[in-house]
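A.B. asks: Contents of final.txt (compact mmCIF, C-alpha atoms and all ligand atoms) are below:
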```
# COMPACT_ATOMS: atom_id res chain seq x y z
CA MET A 1 40.58 22.20 -36.86
CA ASN A 2 43.67 20.96 -38.59
CA VAL A 3 44.42 23.06 -41.67
CA ARG A 4 47.13 21.75 -43.97
CA ILE A 5 49.17 24.33 -45.77
CA VAL A 6 50.48 23.77 -49.28
CA THR A 7 52.94 25.85 -51.23
CA LEU A 8 52.77 26.35 -54.96
CA SER A 9 53.87 28.86 -57.55
CA ILE A 10 51.58 31.09 -59.59
CA ASP A 11 53.17 33.01 -62.46
CA GLY A 12 56.57 32.34 -60.92
CA ARG A 13 55.59 33.61 -57.48
CA ASP A 14 55.73 31.27 -54.49
CA VAL A 15 52.49 31.41 -52.56
CA GLY A 16 51.01 29.58 -49.61
CA ALA A 17 47.47 28.21 -49.53
CA ARG A 18 45.15 26.08 -47.43
CA GLU A 19 44.53 22.60 -48.77
CA GLY A 20 41.14 22.44 -50.48
CA GLN A 21 41.33 25.93 -51.92
CA THR A 22 41.02 26.39 -55.67
CA ILE A 23 43.64 27.98 -57.90
CA LEU A 24 41.21 30.85 -58.50
CA GLU A 25 40.82 31.57 -54.78
CA VAL A 26 44.54 31.46 -54.10
CA ALA A 27 45.35 33.63 -57.11
CA GLY A 28 42.74 36.15 -55.95
CA GLU A 29 44.15 36.27 -52.42
CA ASN A 30 47.53 37.07 -53.93
CA GLY A 31 46.30 39.83 -56.18
CA ILE A 32 46.55 37.81 -59.39
CA GLU A 33 43.44 38.35 -61.46
CA ILE A 34 42.09 35.53 -63.62
CA PRO A 35 39.11 36.35 -65.87
CA THR A 36 35.88 34.56 -64.94
CA MET A 37 32.23 34.61 -65.99
CA CYS A 38 30.19 31.66 -64.69
CA ASN A 39 31.95 31.79 -61.33
CA LEU A 40 30.40 33.84 -58.54
CA THR A 41 31.63 33.77 -54.95
CA GLY A 42 28.87 32.23 -52.88
CA LEU A 43 27.73 29.77 -55.58
CA LYS A 44 29.26 26.37 -56.29
CA PRO A 45 31.90 26.60 -59.02
CA ILE A 46 31.16 24.52 -62.13
CA GLY A 47 33.90 25.42 -64.61
CA ALA A 48 31.40 25.92 -67.43
CA CYS A 49 32.56 29.05 -69.24
CA ARG A 50 36.27 28.05 -69.43
CA LEU A 51 37.43 31.67 -69.28
CA CYS A 52 39.50 30.97 -66.15
CA VAL A 53 41.62 28.26 -67.81
CA VAL A 54 45.24 28.16 -66.65
CA GLU A 55 48.31 26.12 -67.52
CA VAL A 56 49.60 23.69 -64.91
CA ALA A 57 53.08 22.22 -65.35
CA GLY A 58 52.86 18.52 -66.18
CA SER A 59 49.35 18.74 -67.61
CA ARG A 60 48.83 19.10 -71.34
CA LYS A 61 45.20 19.99 -70.77
CA LEU A 62 44.23 23.49 -69.70
CA LEU A 63 42.48 23.44 -66.33
CA SER A 64 39.72 25.71 -65.06
CA ALA A 65 41.07 27.64 -62.09
CA CYS A 66 37.67 27.81 -60.37
CA THR A 67 37.32 24.03 -60.04
CA THR A 68 40.93 22.86 -59.72
CA GLY A 69 42.24 22.45 -56.20
CA VAL A 70 45.77 23.49 -55.32
CA THR A 71 48.37 20.81 -54.61
CA GLU A 72 51.85 20.87 -53.11
CA GLY A 73 54.50 22.07 -55.55
CA MET A 74 51.99 22.93 -58.30
CA GLN A 75 53.27 25.37 -60.94
CA VAL A 76 50.50 27.50 -62.39
CA THR A 77 50.63 29.97 -65.29
CA THR A 78 47.63 32.31 -65.52
CA ASP A 79 48.73 34.43 -68.47
CA SER A 80 50.36 33.41 -71.74
CA GLU A 81 49.88 33.86 -75.47
CA ARG A 82 48.06 30.53 -75.63
CA LEU A 83 45.72 31.39 -72.74
CA ARG A 84 45.00 34.83 -74.13
CA ASN A 85 44.04 33.25 -77.47
CA TYR A 86 41.73 30.72 -75.84
CA ARG A 87 40.05 33.36 -73.70
CA ARG A 88 39.56 35.70 -76.61
CA THR A 89 37.95 32.93 -78.67
CA ILE A 90 35.64 31.93 -75.79
CA LEU A 91 34.64 35.55 -75.34
CA GLU A 92 33.95 35.88 -79.07
CA PHE A 93 31.74 32.77 -78.94
CA LEU A 94 29.75 34.29 -76.06
CA PHE A 95 29.11 37.40 -78.15
CA THR A 96 28.29 35.63 -81.42
CA GLU A 97 26.13 32.75 -80.25
CA GLY A 98 23.44 35.10 -78.89
CA ASN A 99 22.38 38.62 -79.85
CA HIS A 100 24.18 41.34 -77.94
CA THR A 101 23.18 44.85 -78.93
CA CYS A 102 24.77 46.75 -76.05
CA ALA A 103 23.52 50.13 -77.27
CA VAL A 104 19.89 49.19 -76.53
CA CYS A 105 20.45 46.82 -73.61
CA VAL A 106 19.13 47.34 -70.06
CA SER A 107 22.58 46.41 -68.76
CA ASN A 108 24.62 48.70 -71.03
CA GLY A 109 27.51 50.04 -68.94
CA LYS A 110 26.68 47.68 -66.05
CA CYS A 111 27.28 44.30 -67.68
CA GLU A 112 29.97 41.80 -66.76
CA LEU A 113 30.26 40.45 -70.30
CA GLN A 114 30.64 43.90 -71.83
CA GLU A 115 33.19 44.79 -69.14
CA LEU A 116 35.19 41.62 -69.75
CA ALA A 117 35.40 42.44 -73.46
CA ARG A 118 36.86 45.80 -72.52
CA LYS A 119 39.30 44.28 -70.06
CA LEU A 120 40.53 41.62 -72.47
CA GLY A 121 40.91 44.19 -75.24
CA MET A 122 38.35 42.61 -77.58
CA ASN A 123 37.76 45.40 -80.10
CA HIS A 124 35.92 43.26 -82.65
CA VAL A 125 34.84 39.67 -83.16
CA ASP A 126 36.41 37.46 -85.84
CA VAL A 127 33.95 34.57 -85.41
CA PRO A 128 31.00 35.16 -87.77
CA TYR A 129 27.88 36.34 -85.93
CA ARG A 130 25.05 33.77 -85.80
CA TYR A 131 22.13 36.13 -85.20
CA PRO A 132 19.93 33.31 -83.87
CA ARG A 133 16.21 33.79 -83.37
CA ARG A 134 15.56 33.69 -79.63
CA ASP A 135 12.57 34.50 -77.44
CA VAL A 136 11.82 36.87 -74.61
CA ASP A 137 9.72 35.68 -71.65
CA ALA A 138 7.98 38.66 -70.04
CA THR A 139 5.19 36.67 -68.37
CA HIS A 140 6.49 37.13 -64.82
CA PRO A 141 4.83 40.14 -63.17
CA ARG A 142 8.13 41.69 -62.07
CA PHE A 143 10.96 40.16 -64.12
CA VAL A 144 11.92 39.52 -67.74
CA LEU A 145 14.10 36.82 -69.30
CA ASP A 146 15.66 37.79 -72.63
CA HIS A 147 17.28 34.68 -74.13
CA ASN A 148 19.10 36.85 -76.68
CA ARG A 149 21.52 37.97 -73.97
CA CYS A 150 21.81 34.70 -72.04
CA ILE A 151 25.30 33.18 -72.00
CA LEU A 152 24.25 30.01 -70.16
CA CYS A 153 26.48 30.65 -67.16
CA THR A 154 23.79 28.96 -64.98
CA ARG A 155 24.24 31.40 -62.13
CA CYS A 156 20.43 31.76 -62.03
CA VAL A 157 20.03 27.98 -61.88
CA ARG A 158 22.52 27.67 -59.03
CA VAL A 159 21.33 30.58 -56.90
CA CYS A 160 17.71 29.46 -57.15
CA ASP A 161 18.66 25.91 -56.18
CA GLU A 162 21.50 26.45 -53.71
CA ILE A 163 20.38 29.61 -51.95
CA GLU A 164 16.66 30.13 -52.47
CA GLY A 165 15.94 26.39 -52.47
CA ALA A 166 13.23 26.72 -55.10
CA HIS A 167 15.03 25.14 -58.11
CA THR A 168 12.77 26.92 -60.57
CA TRP A 169 15.50 27.13 -63.21
CA ASP A 170 17.13 24.43 -65.27
CA VAL A 171 18.88 24.01 -68.61
CA MET A 172 17.12 22.32 -71.50
CA GLY A 173 18.46 21.07 -74.85
CA ARG A 174 21.94 20.38 -76.09
CA GLY A 175 24.87 22.32 -77.48
CA ILE A 176 23.99 25.46 -79.35
CA ASP A 177 20.24 24.86 -78.72
CA SER A 178 20.58 24.83 -74.93
CA LYS A 179 18.53 27.34 -73.00
CA VAL A 180 17.48 28.08 -69.47
CA ILE A 181 13.88 27.20 -68.59
CA THR A 182 11.56 27.76 -65.65
CA ASP A 183 9.80 24.76 -64.10
CA LEU A 184 8.97 22.20 -66.81
CA HIS A 185 9.62 24.64 -69.66
CA GLN A 186 6.59 26.77 -69.06
CA PRO A 187 6.21 30.54 -68.99
CA TRP A 188 7.98 32.02 -65.95
CA GLY A 189 4.76 33.81 -64.94
CA SER A 190 2.98 30.46 -64.56
CA SER A 191 5.78 28.87 -62.50
CA THR A 192 4.46 27.44 -59.23
CA SER A 193 7.92 27.01 -57.66
CA CYS A 194 9.20 30.59 -58.15
CA THR A 195 8.95 32.69 -54.98
CA SER A 196 9.64 35.93 -56.91
CA CYS A 197 12.64 36.60 -54.68
CA GLY A 198 14.64 38.09 -57.57
CA LYS A 199 17.94 36.42 -56.66
CA CYS A 200 18.36 35.01 -60.19
CA VAL A 201 17.95 38.49 -61.64
CA HIS A 202 20.65 39.98 -59.47
CA VAL A 203 23.28 37.27 -59.97
CA CYS A 204 22.83 37.26 -63.77
CA PRO A 205 26.00 38.80 -65.25
CA THR A 206 24.26 40.18 -68.34
CA GLY A 207 21.02 41.85 -69.35
CA ALA A 208 19.36 38.44 -69.83
CA LEU A 209 17.48 38.76 -66.54
CA PHE A 210 16.16 42.13 -65.46
CA GLU A 211 13.43 43.86 -63.51
CA LYS A 212 10.51 45.35 -65.37
CA GLY A 213 10.43 49.12 -65.50
CA HIS A 214 14.08 49.49 -66.42
CA SER A 215 15.08 51.00 -69.73
CA VAL A 216 18.42 51.09 -71.59
CA ALA A 217 21.45 51.14 -69.26
CA GLU A 218 19.30 51.30 -66.12
CA MET A 219 19.54 47.78 -64.72
CA ALA A 220 22.15 47.70 -61.94
CA LYS A 221 22.49 44.36 -60.17
CA ARG A 222 22.69 44.10 -56.37
CA ARG A 223 24.51 41.11 -54.94
CA GLN A 224 25.10 42.12 -51.31
CA PHE A 225 22.80 39.33 -50.13
CA LEU A 226 24.88 36.51 -51.59
CA PRO A 227 27.97 36.15 -49.34
CA TYR A 228 25.76 36.42 -46.24
CA LEU A 229 23.14 33.94 -47.37
CA SER A 230 25.64 31.42 -48.67
CA THR A 231 27.50 31.50 -45.36
CA MET A 232 24.24 30.94 -43.49
CA ARG A 233 23.30 28.10 -45.82
CA GLY A 234 26.73 26.52 -45.44
CA ALA A 235 26.49 26.72 -41.67
CA LYS A 236 23.19 24.83 -41.73
CA GLU A 237 24.21 22.02 -44.06
CA MET B 238 54.98 67.51 -95.04
CA SER B 239 52.27 66.44 -97.46
CA LYS B 240 48.77 66.26 -96.11
CA VAL B 241 47.10 62.98 -95.23
CA LYS B 242 44.22 62.19 -97.59
CA LEU B 243 41.28 61.42 -95.30
CA ALA B 244 37.80 60.19 -96.25
CA THR B 245 34.72 59.35 -94.20
CA VAL B 246 31.91 57.10 -95.41
CA TRP B 247 28.38 56.57 -94.12
CA LEU B 248 26.81 53.13 -94.62
CA ASP B 249 23.93 51.74 -92.50
CA GLY B 250 24.26 53.87 -89.38
CA CYS B 251 22.33 56.73 -87.80
CA SER B 252 25.04 59.40 -88.45
CA GLY B 253 25.69 59.47 -84.71
CA CYS B 254 29.30 58.41 -85.29
CA HIS B 255 29.82 61.34 -87.66
CA MET B 256 28.26 63.60 -85.01
CA SER B 257 30.71 62.22 -82.47
CA PHE B 258 33.50 62.92 -84.97
CA LEU B 259 32.36 66.56 -85.08
CA ASP B 260 32.27 66.55 -81.27
CA MET B 261 36.08 66.68 -81.39
CA ASP B 262 35.33 70.42 -81.50
CA GLU B 263 38.43 72.63 -81.52
CA ARG B 264 40.64 69.60 -82.04
CA LEU B 265 39.13 69.44 -85.54
CA LEU B 266 41.12 72.59 -86.34
CA ASP B 267 44.42 70.85 -85.57
CA ILE B 268 43.35 67.89 -87.62
CA ALA B 269 42.13 70.08 -90.47
CA ASP B 270 45.63 71.55 -90.89
CA ARG B 271 47.10 68.13 -91.39
CA ILE B 272 44.57 66.51 -93.69
CA GLU B 273 42.89 66.89 -97.00
CA LEU B 274 39.24 65.76 -96.71
CA VAL B 275 38.81 64.01 -100.06
CA TYR B 276 35.40 62.43 -99.55
CA SER B 277 32.71 62.59 -96.86
CA PRO B 278 28.95 63.05 -96.31
CA LEU B 279 30.06 66.35 -94.75
CA VAL B 280 31.39 67.67 -98.07
CA ASP B 281 30.25 67.42 -101.66
CA HIS B 282 32.25 64.89 -103.62
CA LYS B 283 30.40 62.57 -105.95
CA GLU B 284 32.95 59.84 -106.57
CA PHE B 285 35.18 58.07 -104.05
CA PRO B 286 38.73 58.96 -105.17
CA GLU B 287 41.79 56.76 -105.70
CA GLY B 288 44.78 56.76 -103.37
CA VAL B 289 43.14 57.64 -100.04
CA ASP B 290 45.40 57.28 -96.98
CA VAL B 291 42.76 56.82 -94.27
CA THR B 292 39.05 56.09 -94.62
CA ILE B 293 36.78 56.09 -91.59
CA VAL B 294 33.55 54.15 -92.13
CA GLU B 295 30.39 54.46 -90.07
CA GLY B 296 27.61 51.88 -90.34
CA ALA B 297 27.02 48.24 -91.15
CA VAL B 298 26.76 46.65 -94.59
CA SER B 299 23.02 46.27 -95.22
CA SER B 300 22.29 46.70 -98.91
CA GLU B 301 23.81 45.81 -102.25
CA GLU B 302 24.80 49.44 -102.57
CA ASP B 303 26.66 49.36 -99.22
CA LEU B 304 28.51 46.26 -100.33
CA GLU B 305 29.54 47.76 -103.67
CA LYS B 306 30.65 50.95 -101.88
CA ILE B 307 32.75 49.25 -99.22
CA ARG B 308 34.53 47.11 -101.81
CA LYS B 309 35.41 50.20 -103.82
CA VAL B 310 36.48 52.07 -100.67
CA ARG B 311 38.69 49.20 -99.58
CA SER B 312 40.42 48.93 -102.94
CA ARG B 313 41.23 52.67 -102.92
CA THR B 314 42.25 53.04 -99.26
CA ARG B 315 45.46 52.33 -97.41
CA ILE B 316 44.08 52.24 -93.84
CA LEU B 317 40.43 51.37 -93.26
CA VAL B 318 38.86 52.28 -89.91
CA SER B 319 35.58 50.68 -88.72
CA LEU B 320 33.89 53.42 -86.70
CA GLY B 321 31.19 52.55 -84.18
CA ASP B 322 29.22 49.47 -83.17
CA CYS B 323 27.20 49.30 -86.41
CA ALA B 324 30.40 49.01 -88.43
CA VAL B 325 32.05 46.64 -85.94
CA THR B 326 29.16 44.39 -84.81
CA SER B 327 26.18 45.39 -87.05
CA ASN B 328 24.51 46.65 -83.84
CA VAL B 329 20.95 47.99 -84.19
CA PRO B 330 20.73 47.60 -88.00
CA GLY B 331 21.58 43.92 -87.42
CA MET B 332 18.54 43.43 -85.18
CA ARG B 333 16.56 42.66 -88.33
CA ASN B 334 18.72 39.62 -89.03
CA MET B 335 16.63 37.17 -87.03
CA PHE B 336 13.55 38.08 -89.06
CA GLY B 337 14.91 38.20 -92.61
CA SER B 338 14.83 41.08 -95.07
CA GLU B 339 11.40 40.15 -96.53
CA ALA B 340 9.70 40.56 -93.15
CA ILE B 341 11.36 43.93 -92.66
CA MET B 342 10.30 45.19 -96.10
CA ASP B 343 6.74 43.97 -95.43
CA ARG B 344 6.65 45.78 -92.11
CA ALA B 345 7.93 49.04 -93.58
CA TYR B 346 6.19 49.15 -96.94
CA LEU B 347 3.02 47.08 -96.44
CA GLU B 348 1.95 46.87 -92.80
CA ASN B 349 2.97 50.36 -91.72
CA ALA B 350 2.29 52.16 -95.01
CA GLN B 351 -0.73 54.46 -95.28
CA GLU B 352 -1.02 54.30 -99.06
CA ASN B 353 0.72 52.91 -102.12
CA ARG B 354 1.36 49.63 -100.35
CA LYS B 355 4.08 47.82 -102.27
CA HIS B 356 7.75 47.05 -102.08
CA PRO B 357 9.84 49.75 -103.78
CA ASP B 358 11.30 48.74 -107.13
CA LYS B 359 13.53 51.76 -107.70
CA ILE B 360 15.71 54.26 -105.78
CA ILE B 361 15.82 52.13 -102.59
CA PRO B 362 18.77 49.73 -102.95
CA PRO B 363 17.83 46.07 -102.39
CA LEU B 364 18.65 44.77 -98.90
CA LEU B 365 21.11 41.96 -98.39
CA THR B 366 19.65 38.90 -96.64
CA GLN B 367 21.42 40.01 -93.46
CA THR B 368 23.10 43.16 -92.17
CA ARG B 369 26.68 42.34 -91.23
CA PRO B 370 29.81 44.08 -89.93
CA ILE B 371 32.29 45.53 -92.42
CA HIS B 372 35.15 43.18 -91.60
CA GLU B 373 33.05 40.20 -92.65
CA PHE B 374 33.27 41.55 -96.23
CA VAL B 375 36.61 43.36 -96.51
CA PRO B 376 39.72 43.50 -94.31
CA VAL B 377 39.62 46.26 -91.67
CA ASP B 378 42.77 47.74 -90.16
CA VAL B 379 41.51 49.62 -87.10
CA PHE B 380 38.41 49.02 -84.96
CA VAL B 381 36.76 51.81 -82.98
CA PRO B 382 33.62 50.34 -81.35
CA GLY B 383 31.11 52.29 -79.25
CA CYS B 384 27.62 53.63 -79.89
CA PRO B 385 28.83 56.15 -80.63
CA PRO B 386 32.55 56.06 -79.84
CA SER B 387 33.43 59.12 -77.76
CA ALA B 388 35.11 62.12 -79.37
CA ASP B 389 38.17 61.38 -77.19
CA HIS B 390 38.29 57.84 -78.55
CA ILE B 391 38.06 59.01 -82.16
CA PHE B 392 40.61 61.74 -81.59
CA SER B 393 43.15 59.39 -80.03
CA VAL B 394 42.89 57.04 -83.01
CA VAL B 395 42.95 59.77 -85.68
CA ALA B 396 45.85 61.58 -83.99
CA ASP B 397 47.88 58.36 -83.89
CA LEU B 398 47.13 57.66 -87.55
CA LEU B 399 48.15 61.19 -88.57
CA ASP B 400 51.40 60.69 -86.65
CA GLY B 401 51.97 57.49 -88.60
CA LYS B 402 51.66 55.40 -85.44
CA THR B 403 49.70 52.20 -84.89
CA PRO B 404 46.70 53.44 -82.90
CA ASP B 405 46.13 52.27 -79.34
CA GLN B 406 42.88 50.34 -79.77
CA THR B 407 42.27 49.53 -76.11
CA ARG B 408 42.53 52.82 -74.23
CA PHE B 409 38.93 54.00 -74.76
CA LEU B 410 37.57 50.61 -75.76
CA ARG B 411 33.91 49.88 -75.07
CA PHE B 412 30.86 48.51 -76.86
CA GLY B 413 27.50 50.26 -76.49
S1 LIG A 501 24.02 41.65 -71.95
FE1 LIG A 501 25.92 42.87 -71.81
S2 LIG A 501 27.08 42.29 -73.63
FE2 LIG A 501 24.97 41.65 -73.96
S3 LIG A 501 23.97 43.37 -75.00
FE3 LIG A 501 23.65 43.69 -72.82
S4 LIG A 501 25.34 45.02 -72.20
FE4 LIG A 501 25.93 44.13 -74.15
S1 LIG A 502 12.83 34.79 -58.42
FE1 LIG A 502 13.82 33.50 -56.84
S2 LIG A 502 12.58 31.65 -56.79
FE2 LIG A 502 12.01 32.73 -58.66
S3 LIG A 502 13.30 31.82 -60.19
FE3 LIG A 502 14.43 33.60 -59.42
S4 LIG A 502 15.71 32.81 -57.77
FE4 LIG A 502 14.20 31.25 -58.20
S1 LIG A 503 19.83 34.00 -67.57
FE1 LIG A 503 21.65 35.12 -66.85
S2 LIG A 503 22.30 33.97 -65.04
FE2 LIG A 503 20.92 32.65 -66.14
S3 LIG A 503 22.25 31.39 -67.46
FE3 LIG A 503 21.57 33.16 -68.67
S4 LIG A 503 23.19 34.68 -68.41
FE4 LIG A 503 23.47 33.17 -66.78
```
Render the structure in this file as structure tokens.
C.D. replies:
Amino acid sequence: MNVRIVTLSIDGRDVGAREGQTILEVAGENGIEIPTMCNLTGLKPIGACRLCVVEVAGSRKLLSACTTGVTEGMQVTTDSERLRNYRRTILEFLFTEGNHTCAVCVSNGKCELQELARKLGMNHVDVPYRYPRRDVDATHPRFVLDHNRCILCTRCVRVCDEIEGAHTWDVMGRGIDSKVITDLHQPWGSSTSCTSCGKCVHVCPTGALFEKGHSVAEMAKRRQFLPYLSTMRGAKE
Amino acid sequence: MSKVKLATVWLDGCSGCHMSFLDMDERLLDIADRIELVYSPLVDHKEFPEGVDVTIVEGAVSSEEDLEKIRKVRSRTRILVSLGDCAVTSNVPGMRNMFGSEAIMDRAYLENAQENRKHPDKIIPPLLTQTRPIHEFVPVDVFVPGCPPSADHIFSVVADLLDGKTPDQTRFLRFG
């Protein structure tokens, strides 16, 4: 196999990469951490949450690191005042558009969203809270979907489609009214495509998807299956 | 050195943040030497005084009384600290927001009441339409989230304030 090598700079450091890699991958390999949320190694990147935006010299637009491929001579900045402001605002939107009451959440202390807030130093939210009315679907015998804590990262949609091959999940509606649904927007418990494998539950970054029988702060997610299964899938396709 | 005038206020919270404040244990003695506690649910002062240096507020703004109180507190305080998730995000008290205050009053005073089923018309201050965080009503200078924030977190912030420093608001940062 012929692998082409490109060189680029990230935050002023010259780094080498294989052609076809994303900025996020190359940054990670070089110990440069870029915040992410919708991205999960093993699932196709979609650039939906915009937390991983970076500056690329010559582009006025900010680009999502998870979906932008590296090119020869590229100059990438992963941290600046402007980027920090954008990320903080995105994070605030994630907290205000749903209902996040960490103190009574199954994922308290084990949640990627909560952890990101800590990491990015978000000590309060300036965007006014929306407090929307959202439902909980507890019709599945083993799992619960709490829309209040869903940040629409679509990890559940992708794992169910790409790895399990069931495509039970999808996104319905537009803008602020979007929500994840099972089958043709019917109760999860009545879904005929769901195999009850639980993959969606374990890739979900928040307390939106959890196993029944877990109380506050008890829902730890297990993802060990993902790198293995996505490699096997990739090998087959 | 003159003592720092400190006040603590309890709005719509469970008092857990005040308990966590007391969990500073022996460190309270160091603090006590350097402050004058001018108002607090822990002591008996009727009226919130003028010219307070630091006021630490637990709880969200839920009722007309809370709102009146926080406005007065703000106008008489130099540095206002939002203590705990209820103050910073509205937290559990804010879980009523998706249902509206009428539904909550009905649940408490009609559906769940054994006798005398009616909404109270005295003593209980009227609820605002929604419970909201303090900084949505008045400017807040320092945010200490957590449910409750740990005693270490509170101590680090209070110690910095007593030293006249801008507190490090990220060291112990966490929600929930
Ligand atoms: S999902 Fe995460 S951020 Fe949301 S309430 Fe639960 S712990 Fe907090
Ligand atoms: S349990 Fe498995 S099949 Fe069912 S929705 Fe989740 S990922 Fe898809
Ligand atoms: S349910 Fe979880 S995994 Fe699915 S979109 Fe919502 S937050 Fe993401």
A.B. asks: So which residues are near ligand LIG 502 (chain A), meaning at most 12 Å away with all atoms listed in the file counted, given back as a ChimeraX atom specification?
C.D. replies: /A:140-145,154-170,180-183,187-204,209-211,226
A.B. asks: Using all atoms listed in the file, find each residue in chain A having at least one atom no more than 10 Å away from ligand LIG 501 (chain A); report its shortest atom-to-atom pair and that distance in Å (one decimal), rows by chain then rising number, as JSON lines.
C.D. replies:
```
{"residue": "A:Leu94", "atom": "CA", "partner": "A:LIG501", "partner_atom": "S2", "distance": 8.8}
{"residue": "A:Phe95", "atom": "CA", "partner": "A:LIG501", "partner_atom": "S2", "distance": 7.0}
{"residue": "A:Gly98", "atom": "CA", "partner": "A:LIG501", "partner_atom": "FE2", "distance": 8.3}
{"residue": "A:Asn99", "atom": "CA", "partner": "A:LIG501", "partner_atom": "S3", "distance": 7.0}
{"residue": "A:His100", "atom": "CA", "partner": "A:LIG501", "partner_atom": "S3", "distance": 3.6}
{"residue": "A:Thr101", "atom": "CA", "partner": "A:LIG501", "partner_atom": "S3", "distance": 4.3}
{"residue": "A:Cys102", "atom": "CA", "partner": "A:LIG501", "partner_atom": "FE4", "distance": 3.4}
{"residue": "A:Ala103", "atom": "CA", "partner": "A:LIG501", "partner_atom": "S3", "distance": 7.1}
{"residue": "A:Val104", "atom": "CA", "partner": "A:LIG501", "partner_atom": "S3", "distance": 7.3}
{"residue": "A:Cys105", "atom": "CA", "partner": "A:LIG501", "partner_atom": "FE3", "distance": 4.5}
{"residue": "A:Val106", "atom": "CA", "partner": "A:LIG501", "partner_atom": "FE3", "distance": 6.4}
{"residue": "A:Ser107", "atom": "CA", "partner": "A:LIG501", "partner_atom": "S4", "distance": 4.6}
{"residue": "A:Asn108", "atom": "CA", "partner": "A:LIG501", "partner_atom": "S4", "distance": 3.9}
{"residue": "A:Gly109", "atom": "CA", "partner": "A:LIG501", "partner_atom": "S4", "distance": 6.4}
{"residue": "A:Lys110", "atom": "CA", "partner": "A:LIG501", "partner_atom": "S4", "distance": 6.8}
{"residue": "A:Cys111", "atom": "CA", "partner": "A:LIG501", "partner_atom": "FE1", "distance": 4.6}
{"residue": "A:Glu112", "atom": "CA", "partner": "A:LIG501", "partner_atom": "FE1", "distance": 6.6}
{"residue": "A:Leu113", "atom": "CA", "partner": "A:LIG501", "partner_atom": "S2", "distance": 5.0}
{"residue": "A:Gln114", "atom": "CA", "partner": "A:LIG501", "partner_atom": "S2", "distance": 4.3}
{"residue": "A:Glu115", "atom": "CA", "partner": "A:LIG501", "partner_atom": "FE1", "distance": 8.0}
{"residue": "A:Leu116", "atom": "CA", "partner": "A:LIG501", "partner_atom": "S2", "distance": 9.0}
{"residue": "A:Ala117", "atom": "CA", "partner": "A:LIG501", "partner_atom": "S2", "distance": 8.3}
{"residue": "A:Asp146", "atom": "CA", "partner": "A:LIG501", "partner_atom": "S1", "distance": 9.2}
{"residue": "A:His147", "atom": "CA", "partner": "A:LIG501", "partner_atom": "S1", "distance": 9.9}
{"residue": "A:Asn148", "atom": "CA", "partner": "A:LIG501", "partner_atom": "FE2", "distance": 8.1}
{"residue": "A:Arg149", "atom": "CA", "partner": "A:LIG501", "partner_atom": "S1", "distance": 4.9}
{"residue": "A:Cys150", "atom": "CA", "partner": "A:LIG501", "partner_atom": "S1", "distance": 7.3}
{"residue": "A:Ile151", "atom": "CA", "partner": "A:LIG501", "partner_atom": "S1", "distance": 8.6}
{"residue": "A:Cys204", "atom": "CA", "partner": "A:LIG501", "partner_atom": "S1", "distance": 9.4}
{"residue": "A:Pro205", "atom": "CA", "partner": "A:LIG501", "partner_atom": "S1", "distance": 7.5}
{"residue": "A:Thr206", "atom": "CA", "partner": "A:LIG501", "partner_atom": "S1", "distance": 3.9}
{"residue": "A:Gly207", "atom": "CA", "partner": "A:LIG501", "partner_atom": "S1", "distance": 4.0}
{"residue": "A:Ala208", "atom": "CA", "partner": "A:LIG501", "partner_atom": "S1", "distance": 6.0}
{"residue": "A:Leu209", "atom": "CA", "partner": "A:LIG501", "partner_atom": "S1", "distance": 9.0}
{"residue": "A:Val216", "atom": "CA", "partner": "A:LIG501", "partner_atom": "FE3", "distance": 9.1}
{"residue": "A:Ala217", "atom": "CA", "partner": "A:LIG501", "partner_atom": "S4", "distance": 7.8}
{"residue": "A:Met219", "atom": "CA", "partner": "A:LIG501", "partner_atom": "S4", "distance": 9.9}
```
A.B. asks: Using all atoms listed in the file, which residue out of A:Ser230, A:Asn123, A:Thr71, A:Gln21 lies closest to chain B?
C.D. replies: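 Ranked by minimum distance to chain B, first place goes to A:Asn123.
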A.B. asks: Which residue gives the smallest distance to ligand LIG 503 (chain A) among A:His124, A:Arg13, A:Arg4, A:Lys221, with all atoms listed in the file counted?
C.D. replies: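 Selected residue with least distance to ligand LIG 503 (chain A): A:Lys221.
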A.B. asks: Within 9 Å of (41.8, 40.5, -74.1) in the file's own coordinates, which protein, DNA or RNA residues have an atom, counting only C-alpha atoms? List them as a ChimeraX atom specification.
C.D. replies: /A:84-85,87-88,91,116-123
A.B. asks: Keeping C-alpha atoms for every residue in the selection just given, could you write it to a file as a PDB file, in the frame of the given file?
C.D. replies:
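Contents of result_32.pdb, freshly written:
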```
ATOM      1  CA  ARG A  84      45.000  34.830 -74.130  1.00  0.00           C
ATOM      2  CA  ASN A  85      44.040  33.250 -77.470  1.00  0.00           C
ATOM      3  CA  ARG A  87      40.050  33.360 -73.700  1.00  0.00           C
ATOM      4  CA  ARG A  88      39.560  35.700 -76.610  1.00  0.00           C
ATOM      5  CA  LEU A  91      34.640  35.550 -75.340  1.00  0.00           C
ATOM      6  CA  LEU A 116      35.190  41.620 -69.750  1.00  0.00           C
ATOM      7  CA  ALA A 117      35.400  42.440 -73.460  1.00  0.00           C
ATOM      8  CA  ARG A 118      36.860  45.800 -72.520  1.00  0.00           C
ATOM      9  CA  LYS A 119      39.300  44.280 -70.060  1.00  0.00           C
ATOM     10  CA  LEU A 120      40.530  41.620 -72.470  1.00  0.00           C
ATOM     11  CA  GLY A 121      40.910  44.190 -75.240  1.00  0.00           C
ATOM     12  CA  MET A 122      38.350  42.610 -77.580  1.00  0.00           C
ATOM     13  CA  ASN A 123      37.760  45.400 -80.100  1.00  0.00           C
TER      14      ASN A 123
END
```
A.B. asks: From (36.1, 69.4, -77.9), in the file's coordinates, out to 12 Å: which residues are reached, counting all atoms listed in the file? Answer as a list in words.
C.D. replies: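 Answer for this query, in the requested form: Ser257, Phe258, Leu259, Asp260, Met261, Asp262, Glu263, Arg264, Leu265, Leu266, Asp267, Ser387, Ala388, Asp389, His390, Ile391 and Phe392 of chain B.
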